[in-house]
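Student: The structure that follows is given in the form of structure tokens.
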Amino acid sequence: MPQPADEAEARVLAVRASHALAAAGQGDMVWGHVAVRDPGGRGIWIKAPGWGLEEVREDRLQLVSPRAEVLAGEGAPHKECHIHLAVLAARPDLACSVHTHAPAAVAFAALDVPLLPLSHEGALFGGADVPRFRRTGGLVSTPALGEELAAVLGEAPAALLPKHGLVAAGTGVPAAVMHAVLLERACRTQLAAASAGPVRVFSDAAEAAAKRAECWPESQLEAGWQYLVRRAARAASGAPRPPADL
Ligand SMILES: [Zn+2]
């Protein structure tokens with residue numbers, strides 16, 4: 001997936017990504033955010049504090065430097081901007097990172113059991129467990145904590161922050177958003193199964209790896225992203241919404 005070509009595209013994508021995450025149910029009032037790398041190398045485009053994901057507009061964005069200085073936009077930066085600054089600094093191939101407090105991810109992480117490939121979404125990690133940042137359940141509010149989190153994430157599409165939320169990343173904005181959405185859905189599905197009885201049926205390592213390649217190529221991530229963008233637009237227009245269980 002291409003990275004944003006210029007500032008204008010990065011700003012548009014930062015707004016769309018925020019709306020897509022809200023449409024997928026990852027909002028937590030005014031907390032949680034998505035960051036798009038500035039193509040000019042000046043830092044990240046991220047919403048200003050005080051706005052919900054669905055409320056983000058281009059004039060509610062900030063350009064935050066690698067040193068957490070606000071170069072454009074209103075107010076102070078989010079305290080947890082260090083998540084994005086560190087993740088994107090550690091992986092120059094990434095265009096976008098996501099941090100939300102998705103409820104199913106928090107609930108699932110509290111069980112401290114492996115994430116199993118018992119659904120398509122659960123195969124996102126190819127049969128491996130999802131990485132977990134265990135250093136703190138508090139805010140990732142310093143460069144050092146951000147760097148520790150980036151190391152935990154490594155090359156994975158996403159990671160859990162037990163007692164807190166999730167982080168996701170992608171070489172394109174659609175992939176980063178979809179990785180967050182898929183992790184939350186995988187957590188929710190396993191929670192539902194585990195609440196009803198022992199989890200007995202899930203993919204073995206070979207099937208999980210095959211499903212990751214089959215179910216989640218860039219084209220499928222892009223298709224899911226486009227759906228979320230349309231769903232967000234319908235919600236903003238007041239059109240009837242599907243059940244809020246995506
Ligand atoms: Zn947080």
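Chain lettering (A, B, ...) mirrors the order of the structure tokens, residue numbering begins at 1 for each chain separately, and ligand numbering begins at 1 in order of display.
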Can you tell me which residues come within 12 Å of ligand 1 when counting only C-alpha atoms and all ligand atoms, ideally as a ChimeraX atom specification?
Tutor: /A:26-34,78-84,98-103,106,136-141,146,160-167
Student: Would you kindly return, as a list in words, each protein, DNA or RNA residue with an atom no farther than 9 Å from any atom of A:Glu148, considering only C-alpha atoms and excluding same-chain residues fewer than 3 positions away?
Tutor: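 The residues satisfying every condition are Ala86, Phe133, Arg135, Pro143, Ala144, Leu145, Ala151, Val152 and Leu153 of chain A.
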Student: Check the smallest atom-to-atom distance from each of A:Val229, A:Ala169, A:Ile44, A:Ala89 to A:Ala24 using only C-alpha atoms, then report the winner.
Tutor: A:Val229
Student: I'd like the contact shell of A:Val15 - 12 Å cut-off, only C-alpha atoms, skipping same-chain residues fewer than 2 positions apart - returned as a PyMOL selection string.
Tutor: chain A and resi 8-13+17-22+33-36+45-48+51-62+173+177+229+232-233
Student: Which residues of stretch 45-108 of chain A come within 6 Å of stretch 178-196 of chain A, and what is each one's closest atom pair and distance in Å (one decimal), counting only C-alpha atoms, sorted by chain and residue number, as a Markdown table?
Tutor:
| residue | atom | partner | partner_atom | distance |
| --- | --- | --- | --- | --- |
| A:Ala104 | CA | A:Arg188 | CA | 5.2 |
| A:Ala105 | CA | A:Glu184 | CA | 5.3 |
| A:Phe108 | CA | A:Cys187 | CA | 5.7 |
Student: Generate the output file for the selected residues, all heavy atoms, as a JSON list (two decimals), in the first residue's frame.
Tutor:
[["chain", "number", "residue", "atom", "x", "y", "z"],
["A", 104, "ALA", "N", -12.80, -4.98, 24.06],
["A", 104, "ALA", "CA", -12.59, -6.43, 23.98],
["A", 104, "ALA", "C", -11.10, -6.77, 24.11],
["A", 104, "ALA", "O", -10.75, -7.82, 24.66],
["A", 104, "ALA", "CB", -13.14, -6.98, 22.66],
["A", 105, "ALA", "N", -10.24, -5.90, 23.60],
["A", 105, "ALA", "CA", -8.80, -6.14, 23.73],
["A", 105, "ALA", "C", -8.38, -6.06, 25.19],
["A", 105, "ALA", "O", -7.57, -6.87, 25.67],
["A", 105, "ALA", "CB", -8.03, -5.12, 22.89],
["A", 108, "PHE", "N", -9.86, -9.19, 26.99],
["A", 108, "PHE", "CA", -9.13, -10.41, 26.64],
["A", 108, "PHE", "C", -7.75, -10.44, 27.27],
["A", 108, "PHE", "O", -7.31, -11.48, 27.79],
["A", 108, "PHE", "CB", -9.01, -10.55, 25.12],
["A", 108, "PHE", "CG", -8.20, -11.72, 24.71],
["A", 108, "PHE", "CD1", -8.74, -13.00, 24.73],
["A", 108, "PHE", "CD2", -6.87, -11.57, 24.34],
["A", 108, "PHE", "CE1", -7.97, -14.11, 24.40],
["A", 108, "PHE", "CE2", -6.09, -12.66, 23.99],
["A", 108, "PHE", "CZ", -6.65, -13.94, 24.03]]
Student: Which one is closest to A:Ser203: A:Pro131, A:Pro157, A:Gly126, A:Gly224? Count only C-alpha atoms.
Tutor: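 The shortest atom-to-atom distance to A:Ser203 comes from A:Gly126.
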Student: DSSP on the backbone, alpha helix (DSSP H) only: what residues of stretch 5-243 of chain A does that give? Format it as an MDAnalysis selection string.
Tutor: chainID A and resid 7:23 81:90 103:111 143:153 173:196 205:215 218:237
Student: Point out the residue among A:Pro39, A:Ala158, A:Arg212, A:Ala176 with the least atom-to-atom distance to A:Ala123, counting only C-alpha atoms.
Tutor: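 Between A:Pro39, A:Ala158, A:Arg212, A:Ala176, the residue approaching A:Ala123 most closely is A:Arg212.
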Student: So what do you get for atom CA of A:Ala208 versus atom CA of A:Leu115, distance-wise?
Tutor: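 Taking atom CA of A:Ala208 as the start and atom CA of A:Leu115 as the end point, the length is 11.9 Å.
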Student: Stretch 24-245 of chain A: which residues are strand (DSSP E) by DSSP, as a ChimeraX atom specification?
Tutor: /A:33-37,44-47,61-64,70-72,96-100,158-161,165-170
Student: Please report the interatomic distance between atom CA of A:Cys215 and atom CA of A:Ala109 in Å with one decimal.
Tutor: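 These two atoms are separated by 24.0 Å.
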Student: Kindly indicate which residue among A:Gln220, A:Gln3, A:Ser237, A:Gln226 lies nearest to A:Glu121, using only C-alpha atoms for the distances.
Tutor: A:Gln220
